[in-house]
file coords-v2.tsv (TSV, C-alpha atoms and all ligand atoms)
chain	number	residue	atom	x	y	z
W	379	MET	CA	100.86	86.67	118.82
W	380	ASN	CA	102.59	86.07	115.49
W	381	GLN	CA	101.80	82.86	113.62
W	382	ASP	CA	104.85	81.16	115.16
W	383	ASP	CA	103.69	82.00	118.73
W	384	THR	CA	106.33	84.69	119.33
W	385	PRO	CA	104.64	87.71	120.90
W	386	LEU	CA	104.17	90.86	118.76
W	387	TRP	CA	107.01	93.12	119.74
W	388	HIS	CA	106.69	96.44	121.51
W	389	PRO	CA	108.02	99.36	119.39
W	390	ASP	CA	111.07	99.64	121.69
W	391	THR	CA	111.95	96.03	120.91
W	392	ILE	CA	111.31	96.45	117.18
W	393	ALA	CA	113.73	99.39	117.16
W	394	VAL	CA	116.64	97.26	118.35
W	395	ARG	CA	115.75	93.83	116.97
W	396	GLU	CA	114.01	94.21	113.58
W	397	GLY	CA	116.20	93.84	110.50
W	398	LEU	CA	117.68	91.00	108.49
W	399	PRO	CA	118.90	87.65	109.88
W	400	ARG	CA	122.60	87.45	110.82
W	401	SER	CA	125.04	86.50	108.10
W	402	ALA	CA	127.00	83.22	108.18
W	403	TYR	CA	129.57	84.91	110.45
W	404	GLY	CA	127.11	85.40	113.33
W	405	GLU	CA	127.89	89.10	113.86
W	406	HIS	CA	125.95	90.64	116.79
W	407	SER	CA	125.91	94.19	115.42
W	408	GLU	CA	124.82	94.29	111.78
W	409	ALA	CA	127.56	94.34	109.14
W	410	VAL	CA	127.78	97.06	106.46
W	411	PHE	CA	127.56	95.68	102.94
W	412	LEU	CA	129.76	98.06	100.97
W	413	THR	CA	129.40	96.36	97.63
W	414	SER	CA	127.98	97.69	94.40
W	415	SER	CA	126.80	94.30	93.11
W	416	PHE	CA	126.15	90.72	94.20
W	417	VAL	CA	127.47	87.51	92.68
W	418	GLN	CA	124.71	85.22	91.43
W	419	PRO	CA	124.84	81.45	91.99
W	420	ASP	CA	124.08	80.64	88.35
W	421	ALA	CA	122.67	82.16	85.15
W	422	ALA	CA	119.10	81.00	85.79
W	423	SER	CA	119.07	82.58	89.28
W	424	ALA	CA	120.54	85.78	87.84
W	425	ALA	CA	117.75	85.90	85.25
W	426	ALA	CA	115.05	85.25	87.88
W	427	ARG	CA	116.44	87.85	90.28
W	428	PHE	CA	116.82	90.50	87.59
W	429	ALA	CA	113.21	89.88	86.60
W	430	GLY	CA	112.12	90.18	90.26
W	431	GLU	CA	110.77	86.62	90.20
W	432	GLU	CA	113.13	85.35	92.87
W	433	GLU	CA	114.39	87.02	96.06
W	434	GLY	CA	118.04	87.92	96.13
W	435	PHE	CA	120.32	90.91	96.02
W	436	VAL	CA	121.44	92.03	92.58
W	437	TYR	CA	122.81	95.54	92.34
W	438	SER	CA	123.00	98.23	95.03
W	439	ARG	CA	121.13	100.86	93.03
W	440	PHE	CA	117.98	98.97	94.01
W	441	SER	CA	118.84	96.33	96.62
W	442	ASN	CA	121.44	95.92	99.34
W	443	PRO	CA	121.19	94.10	102.70
W	444	SER	CA	122.17	97.20	104.71
W	445	ASN	CA	119.35	99.16	103.08
W	446	THR	CA	116.86	96.32	103.41
W	447	ALA	CA	117.64	95.93	107.12
W	448	MET	CA	117.09	99.63	107.73
W	449	GLU	CA	113.90	99.66	105.63
W	450	ARG	CA	112.44	96.70	107.53
W	451	ARG	CA	113.17	98.29	110.89
W	452	LEU	CA	111.72	101.66	109.89
W	453	ALA	CA	108.60	100.10	108.34
W	454	ALA	CA	107.99	98.05	111.48
W	455	MET	CA	108.40	101.18	113.63
W	456	GLU	CA	105.99	103.18	111.46
W	457	GLY	CA	103.53	100.27	111.29
W	458	THR	CA	103.66	100.01	107.50
W	459	GLU	CA	104.14	96.91	105.34
W	460	ALA	CA	107.24	98.23	103.61
W	461	ALA	CA	109.71	101.09	103.29
W	462	ILE	CA	112.20	102.25	100.69
W	463	SER	CA	115.35	104.20	101.55
W	464	THR	CA	116.50	107.17	99.48
W	465	ALA	CA	119.56	109.40	99.20
W	466	SER	CA	117.92	112.23	101.20
W	467	GLY	CA	114.57	113.42	102.51
W	468	MET	CA	114.07	115.39	99.30
W	469	GLY	CA	114.98	112.23	97.38
W	470	ALA	CA	112.13	110.45	99.19
W	471	LEU	CA	109.67	113.08	98.03
W	472	LEU	CA	111.05	113.04	94.51
W	473	LEU	CA	110.73	109.26	94.31
W	474	LEU	CA	107.21	109.32	95.71
W	475	MET	CA	106.03	111.95	93.23
W	476	LEU	CA	107.81	110.42	90.23
W	477	GLY	CA	106.36	107.03	91.10
W	478	LEU	CA	102.77	108.12	91.71
W	479	LEU	CA	102.01	111.22	89.60
W	480	LYS	CA	101.63	112.11	85.95
W	481	ALA	CA	100.88	115.32	84.01
W	482	GLY	CA	97.41	116.62	84.77
W	483	ASP	CA	97.33	115.23	88.33
W	484	HIS	CA	96.77	117.59	91.24
W	485	VAL	CA	98.33	117.79	94.71
W	486	VAL	CA	96.98	119.65	97.75
W	487	CYS	CA	99.73	120.66	100.17
W	488	SER	CA	100.01	122.64	103.37
W	489	GLN	CA	101.52	126.07	102.73
W	490	SER	CA	103.69	125.65	105.85
W	491	VAL	CA	105.75	122.63	104.76
W	492	PHE	CA	109.52	122.65	104.27
W	493	GLY	CA	110.45	125.25	101.60
W	494	ALA	CA	112.20	122.78	99.29
W	495	THR	CA	109.07	120.59	99.35
W	496	ILE	CA	107.02	123.52	98.04
W	497	LYS	CA	109.63	124.19	95.35
W	498	LEU	CA	109.64	120.52	94.33
W	499	ILE	CA	105.86	120.27	94.08
W	500	ALA	CA	105.04	123.68	92.57
W	501	GLY	CA	108.27	124.31	90.66
W	502	GLU	CA	109.87	121.09	89.46
W	503	PHE	CA	106.68	119.04	89.05
W	504	GLY	CA	104.78	122.12	87.86
W	505	LYS	CA	107.16	122.13	84.85
W	506	PHE	CA	105.89	118.67	83.92
W	507	GLY	CA	102.19	119.51	84.23
W	508	VAL	CA	101.46	118.42	87.81
W	509	GLU	CA	99.14	121.01	89.35
W	510	SER	CA	99.17	122.02	93.00
W	511	SER	CA	97.25	124.06	95.57
W	512	PHE	CA	98.67	125.28	98.88
W	513	VAL	CA	96.38	125.69	101.87
W	514	PRO	CA	96.66	126.83	105.51
W	515	GLN	CA	98.02	123.98	107.62
W	516	THR	CA	95.30	123.93	110.28
W	517	ASP	CA	92.24	124.88	108.17
W	518	THR	CA	90.61	121.54	107.31
W	519	ALA	CA	87.82	123.30	105.38
W	520	ALA	CA	90.43	124.91	103.10
W	521	TRP	CA	91.95	121.47	102.40
W	522	ARG	CA	88.47	120.16	101.50
W	523	ALA	CA	87.77	123.14	99.23
W	524	ALA	CA	91.07	122.71	97.38
W	525	ILE	CA	90.40	119.10	96.36
W	526	ARG	CA	89.57	118.67	92.67
W	527	PRO	CA	87.47	115.51	92.32
W	528	GLY	CA	88.98	113.04	89.87
W	529	LYS	CA	92.25	115.02	89.63
W	530	THR	CA	93.62	115.29	93.16
W	531	ARG	CA	95.87	112.30	93.78
W	532	LEU	CA	97.81	113.35	96.89
W	533	LEU	CA	97.25	115.43	100.00
W	534	PHE	CA	100.60	116.35	101.51
W	535	ALA	CA	101.09	117.43	105.14
W	536	GLU	CA	103.95	117.90	107.57
W	537	THR	CA	103.18	118.07	111.27
W	538	PRO	CA	104.34	119.87	113.34
W	539	THR	CA	105.72	122.42	110.90
W	540	ASN	CA	108.97	124.30	110.92
W	541	PRO	CA	109.51	126.81	112.55
W	542	LEU	CA	106.06	127.68	113.96
W	543	THR	CA	105.13	124.13	115.07
W	544	GLU	CA	101.59	124.22	113.59
W	545	VAL	CA	99.81	120.88	113.99
W	546	CYS	CA	97.28	119.51	111.50
W	547	ASP	CA	94.63	116.86	112.16
W	548	ILE	CA	96.00	113.74	110.43
W	549	ARG	CA	92.80	111.71	110.78
W	550	ALA	CA	90.62	114.50	109.35
W	551	LEU	CA	92.97	114.90	106.36
W	552	ALA	CA	93.08	111.13	105.79
W	553	ASP	CA	89.26	111.06	105.67
W	554	LEU	CA	89.24	113.94	103.18
W	555	ALA	CA	91.83	112.22	101.00
W	556	HIS	CA	90.03	108.88	101.00
W	557	ASP	CA	86.63	110.45	100.23
W	558	ALA	CA	88.31	111.89	97.11
W	559	ASP	CA	90.10	108.64	96.19
W	560	ALA	CA	93.42	110.31	96.95
W	561	LEU	CA	96.27	109.37	99.27
W	562	LEU	CA	97.44	111.24	102.36
W	563	VAL	CA	101.22	111.65	102.61
W	564	VAL	CA	102.69	112.81	105.93
W	565	ASP	CA	106.24	114.07	106.43
W	566	ASN	CA	106.93	112.61	109.88
W	567	CYS	CA	110.39	114.12	110.21
W	568	PHE	CA	109.72	116.26	113.30
W	569	CYS	CA	108.02	113.60	115.44
W	570	SER	CA	109.48	110.37	114.06
W	571	PRO	CA	107.63	107.08	114.72
W	572	ALA	CA	108.76	107.27	118.35
W	573	LEU	CA	106.09	109.95	118.90
W	574	GLN	CA	103.66	109.77	116.00
W	575	ARG	CA	102.61	106.96	113.67
W	576	PRO	CA	100.53	108.63	110.96
W	577	VAL	CA	99.32	105.34	109.41
W	578	VAL	CA	97.54	104.53	112.67
W	579	LEU	CA	95.62	107.79	112.10
W	580	GLY	CA	94.76	106.86	108.51
W	581	ALA	CA	97.68	108.27	106.48
W	582	ASP	CA	98.78	106.19	103.49
W	583	LEU	CA	102.41	107.15	103.04
W	584	ILE	CA	105.08	108.51	105.35
W	585	VAL	CA	108.14	110.39	104.14
W	586	HIS	CA	111.24	110.91	106.24
W	587	SER	CA	114.34	112.96	106.21
W	588	GLY	CA	116.52	110.36	107.91
W	589	THR	CA	119.04	113.18	108.22
W	590	LYS	CA	117.13	114.32	111.30
W	591	TYR	CA	116.07	112.20	114.30
W	592	LEU	CA	116.36	108.79	112.61
W	593	ASP	CA	120.14	109.16	112.43
W	594	GLY	CA	119.94	111.52	115.38
W	595	GLN	CA	123.58	112.48	115.55
W	596	GLY	CA	124.02	114.77	112.57
W	597	ARG	CA	126.16	112.32	110.60
W	598	VAL	CA	124.40	111.46	107.34
W	599	VAL	CA	121.90	112.73	104.78
W	600	ALA	CA	119.21	110.10	104.20
W	601	GLY	CA	115.53	109.61	103.44
W	602	ALA	CA	112.76	107.02	103.21
W	603	VAL	CA	109.16	106.44	102.16
W	604	CYS	CA	107.01	104.03	104.19
W	605	GLY	CA	103.71	102.55	103.00
W	606	SER	CA	101.92	99.52	101.61
W	607	ARG	CA	103.85	96.78	99.81
W	608	ASP	CA	101.79	97.53	96.67
W	609	ILE	CA	103.01	101.12	96.53
W	610	ILE	CA	106.56	100.69	97.84
W	611	GLU	CA	107.52	97.55	95.96
W	612	GLY	CA	105.04	97.78	93.09
W	613	ARG	CA	105.38	101.46	92.18
W	614	LEU	CA	108.35	103.12	93.91
W	615	LEU	CA	110.98	100.39	93.66
W	616	PRO	CA	110.76	100.24	89.83
W	617	THR	CA	111.06	104.04	89.73
W	618	GLN	CA	114.08	103.93	92.03
W	619	ARG	CA	115.67	101.28	89.85
W	620	THR	CA	115.34	103.61	86.86
W	621	THR	CA	116.21	106.89	88.53
W	622	GLY	CA	118.85	105.89	91.10
W	623	VAL	CA	117.74	108.05	94.06
W	624	THR	CA	119.40	105.42	96.23
W	625	LEU	CA	120.79	105.66	99.77
W	626	SER	CA	124.39	104.51	100.15
W	627	PRO	CA	124.60	101.26	102.18
W	628	PHE	CA	126.91	102.93	104.66
W	629	ASN	CA	124.42	105.71	105.35
W	630	ALA	CA	121.62	103.12	105.55
W	631	TRP	CA	123.62	101.29	108.21
W	632	VAL	CA	124.16	104.52	110.18
W	633	VAL	CA	120.41	105.21	110.17
W	634	HIS	CA	119.66	101.56	111.01
W	635	LYS	CA	121.84	101.86	114.12
W	636	GLY	CA	120.41	105.31	114.91
W	637	LEU	CA	116.89	103.82	115.01
W	638	GLU	CA	117.93	101.63	117.95
W	639	THR	CA	118.16	104.65	120.25
W	640	LEU	CA	115.38	106.76	118.66
W	641	GLY	CA	112.81	106.13	121.40
W	642	VAL	CA	115.02	107.04	124.35
W	643	ARG	CA	116.53	110.00	122.49
W	644	MET	CA	113.10	111.42	121.61
W	645	GLN	CA	111.92	111.14	125.22
W	646	ALA	CA	115.01	113.01	126.38
W	647	HIS	CA	114.80	115.63	123.58
W	648	CYS	CA	111.12	116.31	124.34
W	649	ALA	CA	111.65	116.58	128.12
W	650	ARG	CA	114.39	119.16	127.58
W	651	ALA	CA	112.34	121.07	124.98
W	652	LEU	CA	109.34	121.31	127.30
W	653	GLN	CA	111.48	122.52	130.19
W	654	LEU	CA	113.08	125.15	127.94
W	655	ALA	CA	109.72	126.26	126.47
W	656	VAL	CA	108.22	126.76	129.95
W	657	TRP	CA	111.26	128.78	131.01
W	658	LEU	CA	111.25	130.89	127.83
W	659	GLU	CA	107.56	131.75	128.30
W	660	ALA	CA	108.45	133.36	131.61
W	661	GLN	CA	111.28	135.55	130.26
W	662	PRO	CA	110.53	139.29	129.97
W	663	GLY	CA	112.41	139.59	126.66
W	664	VAL	CA	110.30	136.87	125.01
W	665	ALA	CA	107.06	137.90	123.30
W	666	HIS	CA	105.82	134.44	122.31
W	667	VAL	CA	106.87	130.78	122.43
W	668	TYR	CA	105.71	128.32	119.76
W	669	TYR	CA	105.78	124.79	121.14
W	670	PRO	CA	103.01	122.14	120.91
W	671	GLY	CA	103.81	120.88	124.41
W	672	LEU	CA	102.68	124.19	125.97
W	673	SER	CA	99.01	124.60	126.91
W	674	SER	CA	99.17	128.04	125.23
W	675	HIS	CA	99.73	126.36	121.82
W	676	PRO	CA	96.54	126.59	119.70
W	677	GLN	CA	96.61	122.88	118.77
W	678	HIS	CA	97.98	121.65	122.11
W	679	ALA	CA	95.21	119.07	122.68
W	680	LEU	CA	95.47	117.71	119.13
W	681	ALA	CA	99.26	117.52	119.37
W	682	MET	CA	99.11	115.64	122.66
W	683	ALA	CA	96.62	113.16	121.15
W	684	GLN	CA	98.65	112.62	117.95
W	685	GLN	CA	102.16	112.76	119.39
W	686	SER	CA	102.04	110.34	122.34
W	687	GLY	CA	101.57	113.23	124.78
W	688	LEU	CA	104.87	114.88	123.81
W	689	GLY	CA	105.59	118.19	122.13
W	690	GLY	CA	108.62	117.25	120.05
W	691	ALA	CA	112.06	118.80	120.23
W	692	VAL	CA	111.73	121.90	118.03
W	693	LEU	CA	110.48	125.19	119.42
W	694	SER	CA	110.56	128.79	118.29
W	695	PHE	CA	110.28	132.03	120.18
W	696	ALA	CA	109.95	135.69	119.27
W	697	VAL	CA	111.89	138.34	121.14
W	698	THR	CA	110.03	141.47	122.16
W	699	ALA	CA	110.77	144.48	119.91
W	700	ASP	CA	109.14	147.53	118.33
W	701	GLY	CA	109.65	147.08	114.61
W	702	PRO	CA	111.46	144.58	112.36
W	703	GLU	CA	114.94	146.20	112.51
W	704	ARG	CA	115.10	146.14	116.28
W	705	ALA	CA	113.62	142.65	116.31
W	706	ARG	CA	116.35	141.40	113.98
W	707	ALA	CA	119.10	143.07	116.02
W	708	ARG	CA	117.76	141.48	119.19
W	709	ALA	CA	117.38	138.04	117.65
W	710	PHE	CA	120.94	138.21	116.26
W	711	HIS	CA	122.18	139.31	119.70
W	712	VAL	CA	120.58	136.29	121.41
W	713	ILE	CA	121.97	133.92	118.77
W	714	ASP	CA	125.46	135.45	118.83
W	715	SER	CA	125.56	135.41	122.64
W	716	THR	CA	125.32	131.61	122.72
W	717	ARG	CA	128.48	129.55	123.24
W	718	LEU	CA	126.97	126.09	123.42
W	719	CYS	CA	124.19	126.10	120.79
W	720	SER	CA	125.38	125.54	117.21
W	721	ILE	CA	124.34	128.18	114.67
W	722	THR	CA	123.25	125.74	111.97
W	723	ALA	CA	119.98	124.98	110.21
W	724	ASN	CA	119.95	121.23	110.74
W	725	LEU	CA	117.87	119.65	113.48
W	726	GLY	CA	117.48	116.24	115.07
W	727	ASP	CA	121.02	116.19	116.42
W	728	THR	CA	122.27	115.45	119.94
W	729	ARG	CA	123.59	119.03	119.86
W	730	THR	CA	121.18	121.94	120.22
W	731	THR	CA	120.97	124.07	117.08
W	732	ILE	CA	119.79	127.67	116.80
W	733	THR	CA	118.70	129.62	113.70
W	734	HIS	CA	117.10	132.85	112.60
W	735	PRO	CA	114.47	131.60	110.11
W	736	ALA	CA	113.76	135.03	108.54
W	737	SER	CA	117.34	135.31	107.25
W	738	THR	CA	118.11	131.61	106.61
W	739	SER	CA	115.45	128.99	105.85
W	740	HIS	CA	112.92	131.69	104.89
W	741	GLY	CA	115.44	134.28	103.69
W	742	ARG	CA	114.38	134.05	100.03
W	743	LEU	CA	110.82	135.18	100.80
W	744	ARG	CA	109.77	138.83	100.52
W	745	GLU	CA	109.04	140.61	103.83
W	746	ASP	CA	105.27	140.53	103.12
W	747	GLN	CA	105.41	136.78	102.33
W	748	ARG	CA	107.32	136.21	105.53
W	749	ALA	CA	104.80	138.27	107.47
W	750	ALA	CA	101.95	136.19	105.96
W	751	ALA	CA	103.76	133.03	107.02
W	752	GLY	CA	104.22	134.48	110.52
W	753	ILE	CA	108.03	134.42	110.30
W	754	GLY	CA	109.00	137.70	111.92
W	755	GLN	CA	112.51	139.17	112.22
W	756	GLY	CA	112.44	138.53	115.97
W	757	LEU	CA	111.82	134.79	115.60
W	758	ILE	CA	114.47	132.27	116.74
W	759	ARG	CA	114.22	128.51	116.23
W	760	ILE	CA	115.81	126.03	118.60
W	761	ALA	CA	116.09	122.31	117.89
W	762	VAL	CA	116.75	121.09	121.41
W	763	GLY	CA	119.56	118.56	121.72
W	764	LEU	CA	120.64	116.31	124.55
W	765	GLU	CA	122.89	118.66	126.52
W	766	HIS	CA	121.87	119.24	130.14
W	767	PRO	CA	118.79	121.53	130.14
W	768	ALA	CA	120.39	123.96	132.62
W	769	ASP	CA	123.29	124.54	130.21
W	770	ILE	CA	120.99	125.22	127.23
W	771	GLN	CA	118.94	127.61	129.37
W	772	ALA	CA	122.03	129.46	130.61
W	773	ASP	CA	123.28	129.76	127.02
W	774	LEU	CA	120.06	131.54	125.95
W	775	ALA	CA	119.78	133.57	129.15
W	776	ARG	CA	123.11	135.26	128.37
W	777	GLY	CA	121.65	137.11	125.36
W	778	LEU	CA	118.11	137.53	126.69
W	779	ARG	CA	119.36	139.25	129.88
W	780	HIS	CA	120.70	142.32	128.09
W	781	LEU	CA	118.74	142.85	124.87
W	782	PRO	CA	120.04	145.79	122.76
W	801	LIG	C1	110.40	118.59	107.42
W	801	LIG	C2	111.48	118.30	106.44
W	801	LIG	N1	111.23	117.46	105.41
W	801	LIG	C3	112.20	117.17	104.51
W	801	LIG	C4	113.46	117.71	104.59
W	801	LIG	C5	114.47	117.37	103.55
W	801	LIG	O1	115.36	116.43	104.05
W	801	LIG	P1	116.86	116.25	103.51
W	801	LIG	O2	117.64	117.47	103.92
W	801	LIG	O3	117.31	114.98	104.15
W	801	LIG	O4	116.76	116.13	102.02
W	801	LIG	C6	113.76	118.56	105.66
W	801	LIG	C7	115.13	119.13	105.78
W	801	LIG	O5	115.40	120.00	106.59
W	801	LIG	C8	112.75	118.87	106.60
W	801	LIG	O6	112.99	119.70	107.64

call {"tool": "encode", "arguments": {"input": "coords-v2.tsv", "output": "structure tokens"}}
result
Amino acid sequence: MNQDDTPLWHPDTIAVREGLPRSAYGEHSEAVFLTSSFVQPDAASAAARFAGEEEGFVYSRFSNPSNTAMERRLAAMEGTEAAISTASGMGALLLLMLGLLKAGDHVVCSQSVFGATIKLIAGEFGKFGVESSFVPQTDTAAWRAAIRPGKTRLLFAETPTNPLTEVCDIRALADLAHDADALLVVDNCFCSPALQRPVVLGADLIVHSGTKYLDGQGRVVAGAVCGSRDIIEGRLLPTQRTTGVTLSPFNAWVVHKGLETLGVRMQAHCARALQLAVWLEAQPGVAHVYYPGLSSHPQHALAMAQQSGLGGAVLSFAVTADGPERARARAFHVIDSTRLCSITANLGDTRTTITHPASTSHGRLREDQRAAAGIGQGLIRIAVGLEHPADIQADLARGLRHLP
């Protein structure tokens, strides 16, 4: 029970009810506050609000009701005290690192995270003296060995990863981080709080690309960081105020409304993905399927424990082939034979998307780097949407039936 005797809400209820109180007009669906600034009642209130001594909206670079409503809902869904919205998922990471790191600090990161995340940590922050080590996603001993006592401030993980769906042990990494006085950051983009709540497993901060499942319909680019009030309001909000990595109120509103259907969408996405993964595993032209919901997945048990018993909506599969050239030709054939799936790198949409990671998301790597990362030329990634599963299956069967 809450202090006022209202029961603590179930996550499904939080998703549709948490936000800000209605405005004076009594709107049922939340309004969008498209305003760059807010009129202050008097000079003394303006001074107090600018100084952060009094609550009240001031200027939309750092506060707007549409953003606050979305942040409250997302924080409640993740189980954190607070959240801060940002212009994109990469903006969330940038804000987090700018707010928490300084030259000489060290970050340990999985080598399988989103490519731009690696570039941000090693490249952009490397330029300013932040050091980093990249370790195999599932090798907890390697994470432990990479920690530099007194210097490591953040451990950064994404689980499951893209495109090979490797799952790391969030609780084990949280323990490692805390033993070293560091924080564990988890990119929860692939599972969303509907499946996985990393803070319950000990993580300190969650980053999101709201562009994916939180919006869920491929409409906006957005991001957020969720965590304690001390970090979000005490450290990241001042940095956002200075740097302006702010989400537009309209996009915040779109994500806010998207969160209402996140739970039911994720259930439907995951059911379709599992059905497709099982079918793909049985196809003669398919050499391997990467999907945490399959018992053949190396971290299946861990994924089921961490992800509410669901595998997520992203899967990859490798076509059979003798050599990289043939593998690429076959993968391209399967992709080009689809009529329903969209050939686009985004994910988390109602529409199924299909990509060839070796020539798109991982296209800038050398062949040997790709091989080390396990991204072969025959690999195809599917982010399963909400079309009828039989139609998605038929779309892939067309190319798989007659491989060149
Ligand atoms: C796991 C993951 N994290 C972060 C991002 C970056 O998000 P955004 O494109 O919203 O900046 C992406 C984008 O694809 C992603 O897949």

call {"tool": "residues_near_ligand", "arguments": {"input": "coords-v2.tsv", "ligand": "ligand LIG 801 (chain W)", "cutoff": "9 Å", "atoms": "all atoms listed in the file", "output": "ChimeraX atom specification"}}
result
/W:465-471,491-495,536-540,565-568,585-590,598-601,723-725

call {"tool": "closest_residue", "arguments": {"input": "coords-v2.tsv", "among": "W:Gly687, W:Gly457, W:Gly397, W:Gly726", "to": "Cys604 in chain W", "atoms": "all atoms listed in the file"}}
result
W:Gly457

call {"tool": "atom_distance", "arguments": {"input": "coords-v2.tsv", "atom1": "CA of Leu542 in chain W", "atom2": "CA of Leu652 in chain W"}}
result
15.1 Å

call {"tool": "residues_around", "arguments": {"input": "coords-v2.tsv", "residues": "Arg450 in chain W", "least_positions_apart": "3", "cutoff": "10 Å", "atoms": "only C-alpha atoms", "output": "PyMOL selection string"}}
result
chain W and resi 392+396-398+445-447+453-456+458-462+604+634

call {"tool": "closest_residue", "arguments": {"input": "coords-v2.tsv", "among": "W:Ser414, W:Leu478, W:His556, W:Thr543", "to": "Phe628 in chain W", "atoms": "all atoms listed in the file"}}
result
W:Ser414

call {"tool": "closest_residue", "arguments": {"input": "coords-v2.tsv", "among": "W:His734, W:Ser739, W:Asp483, W:Arg522", "to": "Ser510 in chain W", "atoms": "only C-alpha atoms"}}
result
W:Asp483

call {"tool": "closest_residue", "arguments": {"input": "coords-v2.tsv", "among": "W:Ala736, W:Ala555, W:Leu583, W:Val762", "to": "Ala649 in chain W", "atoms": "only C-alpha atoms"}}
result
W:Val762

call {"tool": "closest_residue", "arguments": {"input": "coords-v2.tsv", "among": "W:Leu615, W:Ile753, W:Val712, W:Ile760", "to": "Ala655 in chain W", "atoms": "only C-alpha atoms"}}
result
W:Ile760

call {"tool": "residues_around", "arguments": {"input": "coords-v2.tsv", "residues": "range 679-683 of chain W", "least_positions_apart": "2", "cutoff": "12 Å", "atoms": "all atoms listed in the file", "output": "ChimeraX atom specification"}}
result
/W:516,537-539,543-550,569,573-576,579,669-677,685-690

call {"tool": "atom_distance", "arguments": {"input": "coords-v2.tsv", "atom1": "CA of Ala500 in chain W", "atom2": "CA of Thr733 in chain W"}}
result
25.9 Å

call {"tool": "closest_residue", "arguments": {"input": "coords-v2.tsv", "among": "W:Met448, W:Ala709, W:Ala750, W:Val564", "to": "His780 in chain W", "atoms": "only C-alpha atoms"}}
result
W:Ala709

call {"tool": "atom_distance", "arguments": {"input": "coords-v2.tsv", "atom1": "CA of Gly434 in chain W", "atom2": "CA of Ile609 in chain W"}}
result
20.0 Å

call {"tool": "closest_atom_pairs", "arguments": {"input": "coords-v2.tsv", "of": "range 598-663 of chain W", "to": "range 386-391 of chain W", "cutoff": "9 Å", "atoms": "all atoms listed in the file", "output": "Markdown table"}}
result
| residue | atom | partner | partner_atom | distance |
| --- | --- | --- | --- | --- |
| W:Glu638 | CA | W:Asp390 | CA | 8.1 |
| W:Thr639 | CA | W:Asp390 | CA | 8.8 |
| W:Leu640 | CA | W:Asp390 | CA | 8.9 |
| W:Gly641 | CA | W:Asp390 | CA | 6.7 |
| W:Val642 | CA | W:Asp390 | CA | 8.8 |

call {"tool": "write_last_selection", "arguments": {"input": "coords-v2.tsv", "atoms": "C-alpha atoms", "output": "PDB file, in the frame of the given file"}}
result
ATOM      1  CA  GLU W 638     117.930 101.630 117.950  1.00  0.00           C
ATOM      2  CA  THR W 639     118.160 104.650 120.250  1.00  0.00           C
ATOM      3  CA  LEU W 640     115.380 106.760 118.660  1.00  0.00           C
ATOM      4  CA  GLY W 641     112.810 106.130 121.400  1.00  0.00           C
ATOM      5  CA  VAL W 642     115.020 107.040 124.350  1.00  0.00           C
TER       6      VAL W 642
END

call {"tool": "axis_aligned_box", "arguments": {"input": "coords-v2.tsv", "around": "range 732-750 of chain W", "padding_each_side": "3 Å", "output": "AutoDock Vina command-line options"}}
result
--center_x 110.9 --center_y 134.1 --center_z 108.4 --size_x 23.8 --size_y 18.9 --size_z 22.8

call {"tool": "residues_around", "arguments": {"input": "coords-v2.tsv", "residues": "Ser720 in chain W", "least_positions_apart": "4", "cutoff": "9 Å", "atoms": "all atoms listed in the file", "output": "PDB file with C-alpha atoms, in the frame of the given file"}}
result
ATOM      1  CA  THR W 716     125.320 131.610 122.720  1.00  0.00           C
ATOM      2  CA  ARG W 729     123.590 119.030 119.860  1.00  0.00           C
ATOM      3  CA  THR W 730     121.180 121.940 120.220  1.00  0.00           C
ATOM      4  CA  THR W 731     120.970 124.070 117.080  1.00  0.00           C
ATOM      5  CA  ILE W 732     119.790 127.670 116.800  1.00  0.00           C
ATOM      6  CA  THR W 733     118.700 129.620 113.700  1.00  0.00           C
TER       7      THR W 733
END

call {"tool": "residues_around", "arguments": {"input": "coords-v2.tsv", "residues": "Leu757 in chain W", "least_positions_apart": "6", "cutoff": "12 Å", "atoms": "only C-alpha atoms", "output": "ChimeraX atom specification"}}
result
/W:540-542,664-668,693-699,702,704-710,712-713,732-740,748-749,751

call {"tool": "decode", "arguments": {"input": "coords-v2.tsv", "residues": "range 404-408 of chain W", "atoms": "N, CA, C and O atoms", "output": "PDB file, in the first residue's frame"}}
result
ATOM      1  N   GLY W 404      -9.075  19.317 -17.705  1.00  0.00           N
ATOM      2  CA  GLY W 404      -9.617  17.979 -17.458  1.00  0.00           C
ATOM      3  C   GLY W 404      -9.470  17.012 -18.629  1.00  0.00           C
ATOM      4  O   GLY W 404     -10.242  16.055 -18.760  1.00  0.00           O
ATOM      5  N   GLU W 405      -8.467  17.227 -19.477  1.00  0.00           N
ATOM      6  CA  GLU W 405      -8.288  16.331 -20.628  1.00  0.00           C
ATOM      7  C   GLU W 405      -8.089  14.881 -20.167  1.00  0.00           C
ATOM      8  O   GLU W 405      -7.433  14.648 -19.165  1.00  0.00           O
ATOM      9  N   HIS W 406      -8.646  13.908 -20.912  1.00  0.00           N
ATOM     10  CA  HIS W 406      -8.472  12.500 -20.525  1.00  0.00           C
ATOM     11  C   HIS W 406      -7.144  11.979 -21.047  1.00  0.00           C
ATOM     12  O   HIS W 406      -6.372  11.368 -20.324  1.00  0.00           O
ATOM     13  N   SER W 407      -6.871  12.216 -22.343  1.00  0.00           N
ATOM     14  CA  SER W 407      -5.545  11.890 -22.877  1.00  0.00           C
ATOM     15  C   SER W 407      -4.657  13.109 -22.644  1.00  0.00           C
ATOM     16  O   SER W 407      -5.096  14.251 -22.801  1.00  0.00           O
ATOM     17  N   GLU W 408      -3.412  12.855 -22.284  1.00  0.00           N
ATOM     18  CA  GLU W 408      -2.508  13.954 -21.921  1.00  0.00           C
ATOM     19  C   GLU W 408      -2.324  14.950 -23.073  1.00  0.00           C
ATOM     20  O   GLU W 408      -2.240  14.553 -24.230  1.00  0.00           O
TER      21      GLU W 408
END
